[in-house]
Amino acid sequence: MEFELSGVGVTYKIRRYKRSKHLRISVGRGGSVIVTGPKRVALRHFHSFVQQKQDWIAMQIEQVTADKDPNLTRTDRAHFEAHRDAALALAQQKVQQWNAYYNFNYGKITIKQLKSRWGSCSSKGNLNFSYRILFLPEQLQDYLVVHELCHLEQMNHSKQFWDLVGETIPNYIQL
């Protein structure tokens, strides 16, 4: 399927799933657009949904196709090894800084060569971060650390979790 966006045709794929309950749009790294939804929803509703969300789609395509720091997309071992220690020092400093407010108990802080995640928090209280945290803008570094710290208190993405994040990063939705 295709629609016009700023004078340019944008192609999107439709995926239908029996278990889907809502229509959703996702924009991939290369700017590909996928609309998913329930099997029982008429095709015209998918098209109407895309038309309603054109501004959002345009913004997402712009973000994913904009020139980014090449350090954010590299995943080779040599790049990881060259930046692991600096990333660990940064993560430790940021965790200490933000935990002065939260005062949560945590275990080890580890830097990993994660490819699809920026961080995680284990059930044992260990905090893991991608070495690429080093190349993020500072406000995203702070958000990432606060996000993982708050999982020490709430191991989910409930309203309580987001309220905790919002205590120190009130604009987290815009990040």
# chains A, B, ... in the order shown; residues from 1 in each chain; ligands from 1
>>> select_by_dssp(residues="range 6-126 of chain A", states="alpha helix (DSSP H)", output="MDAnalysis selection string")
chainID A and resid 43:52 54:65 77:102
>>> write_last_selection(atoms="N, CA and C atoms", output="CSV table (one decimal), in the first residue's frame")
chain,number,residue,atom,x,y,z
A,43,LEU,N,-9.9,-3.5,5.7
A,43,LEU,CA,-8.7,-2.9,5.1
A,43,LEU,C,-8.9,-1.3,5.1
A,44,ARG,N,-10.1,-0.8,4.9
A,44,ARG,CA,-10.2,0.6,4.9
A,44,ARG,C,-9.9,1.3,6.2
A,45,HIS,N,-10.1,0.5,7.3
A,45,HIS,CA,-9.7,1.1,8.6
A,45,HIS,C,-8.2,1.2,8.8
A,46,PHE,N,-7.5,0.2,8.2
A,46,PHE,CA,-6.0,0.3,8.2
A,46,PHE,C,-5.6,1.6,7.5
A,47,HIS,N,-6.1,1.8,6.3
A,47,HIS,CA,-5.8,3.0,5.4
A,47,HIS,C,-6.2,4.3,6.2
A,48,SER,N,-7.3,4.3,6.7
A,48,SER,CA,-7.8,5.5,7.5
A,48,SER,C,-6.8,5.8,8.6
A,49,PHE,N,-6.4,4.7,9.3
A,49,PHE,CA,-5.5,4.9,10.5
A,49,PHE,C,-4.2,5.5,10.0
A,50,VAL,N,-3.7,5.0,8.9
A,50,VAL,CA,-2.4,5.5,8.4
A,50,VAL,C,-2.6,7.0,8.0
A,51,GLN,N,-3.7,7.4,7.4
A,51,GLN,CA,-3.9,8.8,7.0
A,51,GLN,C,-4.0,9.7,8.2
A,52,GLN,N,-4.6,9.2,9.3
A,52,GLN,CA,-4.7,10.0,10.5
A,52,GLN,C,-3.3,10.2,11.2
A,54,GLN,N,-0.3,10.4,9.7
A,54,GLN,CA,0.8,10.8,8.7
A,54,GLN,C,1.8,11.7,9.4
A,55,ASP,N,1.4,12.6,10.2
A,55,ASP,CA,2.4,13.5,10.9
A,55,ASP,C,3.4,12.7,11.7
A,56,TRP,N,2.8,11.8,12.5
A,56,TRP,CA,3.6,11.0,13.4
A,56,TRP,C,4.6,10.1,12.6
A,57,ILE,N,4.1,9.5,11.5
A,57,ILE,CA,4.9,8.7,10.6
A,57,ILE,C,6.0,9.5,10.0
A,58,ALA,N,5.7,10.7,9.5
A,58,ALA,CA,6.8,11.6,9.0
A,58,ALA,C,7.9,11.9,10.0
A,59,MET,N,7.5,12.2,11.2
A,59,MET,CA,8.4,12.5,12.3
A,59,MET,C,9.3,11.2,12.5
A,60,GLN,N,8.7,10.1,12.6
A,60,GLN,CA,9.5,8.8,12.9
A,60,GLN,C,10.4,8.5,11.7
A,61,ILE,N,10.0,8.7,10.5
A,61,ILE,CA,10.8,8.4,9.3
A,61,ILE,C,12.0,9.4,9.4
A,62,GLU,N,11.8,10.6,9.7
A,62,GLU,CA,12.8,11.6,9.8
A,62,GLU,C,13.9,11.2,10.8
A,63,GLN,N,13.4,10.8,12.0
A,63,GLN,CA,14.3,10.4,13.1
A,63,GLN,C,15.2,9.2,12.7
A,64,VAL,N,14.6,8.2,12.1
A,64,VAL,CA,15.3,7.0,11.8
A,64,VAL,C,16.2,7.1,10.6
A,65,THR,N,16.0,8.1,9.7
A,65,THR,CA,16.8,8.2,8.6
A,65,THR,C,17.8,9.3,8.6
A,77,ARG,N,33.4,-6.1,17.7
A,77,ARG,CA,34.1,-6.4,18.9
A,77,ARG,C,35.2,-5.4,19.2
A,78,ALA,N,36.0,-5.0,18.2
A,78,ALA,CA,37.1,-4.1,18.5
A,78,ALA,C,36.6,-2.7,19.0
A,79,HIS,N,35.5,-2.3,18.4
A,79,HIS,CA,34.9,-1.0,18.8
A,79,HIS,C,34.4,-1.1,20.3
A,80,PHE,N,33.8,-2.2,20.6
A,80,PHE,CA,33.3,-2.5,22.0
A,80,PHE,C,34.5,-2.5,23.0
A,81,GLU,N,35.6,-3.2,22.6
A,81,GLU,CA,36.7,-3.3,23.5
A,81,GLU,C,37.4,-1.9,23.7
A,82,ALA,N,37.4,-1.1,22.7
A,82,ALA,CA,38.0,0.2,22.8
A,82,ALA,C,37.3,1.2,23.6
A,83,HIS,N,36.0,0.9,23.8
A,83,HIS,CA,35.1,1.9,24.6
A,83,HIS,C,34.5,1.4,25.8
A,84,ARG,N,34.7,0.1,26.1
A,84,ARG,CA,34.1,-0.5,27.3
A,84,ARG,C,34.4,0.2,28.6
A,85,ASP,N,35.7,0.4,28.9
A,85,ASP,CA,36.1,1.0,30.1
A,85,ASP,C,35.5,2.4,30.3
A,86,ALA,N,35.6,3.2,29.3
A,86,ALA,CA,35.0,4.6,29.4
A,86,ALA,C,33.5,4.5,29.6
A,87,ALA,N,32.8,3.6,28.9
A,87,ALA,CA,31.4,3.4,29.1
A,87,ALA,C,31.1,3.0,30.6
A,88,LEU,N,31.9,2.1,31.1
A,88,LEU,CA,31.7,1.6,32.5
A,88,LEU,C,31.9,2.8,33.5
A,89,ALA,N,32.9,3.6,33.3
A,89,ALA,CA,33.1,4.7,34.2
A,89,ALA,C,31.9,5.7,34.1
A,90,LEU,N,31.4,5.9,32.9
A,90,LEU,CA,30.3,6.8,32.7
A,90,LEU,C,29.0,6.2,33.4
A,91,ALA,N,28.8,5.0,33.2
A,91,ALA,CA,27.6,4.3,33.8
A,91,ALA,C,27.7,4.4,35.3
A,92,GLN,N,28.8,4.1,35.8
A,92,GLN,CA,29.0,4.1,37.3
A,92,GLN,C,28.7,5.5,37.9
A,93,GLN,N,29.3,6.5,37.2
A,93,GLN,CA,29.1,7.9,37.6
A,93,GLN,C,27.6,8.3,37.6
A,94,LYS,N,26.9,7.9,36.5
A,94,LYS,CA,25.5,8.3,36.3
A,94,LYS,C,24.6,7.5,37.3
A,95,VAL,N,24.9,6.2,37.5
A,95,VAL,CA,24.1,5.5,38.5
A,95,VAL,C,24.3,6.1,39.9
A,96,GLN,N,25.5,6.4,40.3
A,96,GLN,CA,25.8,7.0,41.6
A,96,GLN,C,25.1,8.4,41.7
A,97,GLN,N,25.1,9.2,40.6
A,97,GLN,CA,24.5,10.5,40.6
A,97,GLN,C,23.0,10.4,40.8
A,98,TRP,N,22.3,9.5,40.0
A,98,TRP,CA,20.8,9.4,40.1
A,98,TRP,C,20.4,8.6,41.3
A,99,ASN,N,21.2,7.7,41.7
A,99,ASN,CA,20.8,6.9,42.9
A,99,ASN,C,20.9,7.7,44.2
A,100,ALA,N,21.6,8.8,44.2
A,100,ALA,CA,21.6,9.7,45.3
A,100,ALA,C,20.2,10.2,45.6
A,101,TYR,N,19.4,10.3,44.6
A,101,TYR,CA,18.0,10.6,44.8
A,101,TYR,C,17.1,9.4,45.2
A,102,TYR,N,17.3,8.3,44.4
A,102,TYR,CA,16.4,7.1,44.6
A,102,TYR,C,16.8,6.3,45.8
>>> residues_around(residues="Leu152 in chain A", least_positions_apart="6", cutoff="9 Å", atoms="only C-alpha atoms", output="compact mmCIF listing (two decimals) with N, CA, C and O atoms, in the first residue's frame")
# COMPACT_ATOMS: atom_id res chain seq x y z
N PHE A 104 18.28 3.29 45.90
CA PHE A 104 17.96 1.87 45.72
C PHE A 104 19.22 1.04 45.94
O PHE A 104 20.34 1.50 45.72
N ASN A 105 19.04 -0.20 46.36
CA ASN A 105 20.15 -1.14 46.47
C ASN A 105 20.33 -1.83 45.13
O ASN A 105 19.36 -2.35 44.57
N TYR A 106 21.54 -1.83 44.62
CA TYR A 106 21.82 -2.50 43.36
C TYR A 106 23.08 -3.32 43.49
O TYR A 106 23.89 -3.12 44.38
N CYS A 121 17.92 -4.65 33.72
CA CYS A 121 18.06 -4.79 35.16
C CYS A 121 17.68 -6.22 35.50
O CYS A 121 16.58 -6.66 35.18
N SER A 122 18.58 -6.95 36.13
CA SER A 122 18.30 -8.35 36.45
C SER A 122 17.50 -8.46 37.75
O SER A 122 17.44 -7.52 38.54
N SER A 123 16.92 -9.62 37.97
CA SER A 123 16.15 -9.85 39.20
C SER A 123 17.06 -9.83 40.43
O SER A 123 16.60 -9.66 41.55
N LYS A 124 18.37 -9.96 40.23
CA LYS A 124 19.33 -9.88 41.34
C LYS A 124 19.77 -8.44 41.61
O LYS A 124 20.60 -8.20 42.47
N GLY A 125 19.25 -7.50 40.82
CA GLY A 125 19.59 -6.09 41.03
C GLY A 125 20.82 -5.62 40.29
O GLY A 125 21.34 -4.54 40.56
N ASN A 126 21.30 -6.43 39.34
CA ASN A 126 22.45 -6.02 38.54
C ASN A 126 21.98 -5.14 37.39
O ASN A 126 20.96 -5.42 36.76
N LEU A 127 22.73 -4.09 37.11
CA LEU A 127 22.40 -3.16 36.04
C LEU A 127 23.36 -3.39 34.88
O LEU A 127 24.58 -3.39 35.06
>>> closest_residue(among="A:Val165, A:Leu114, A:Ile34, A:Ile14", to="Asp142 in chain A", atoms="only C-alpha atoms")
A:Val165
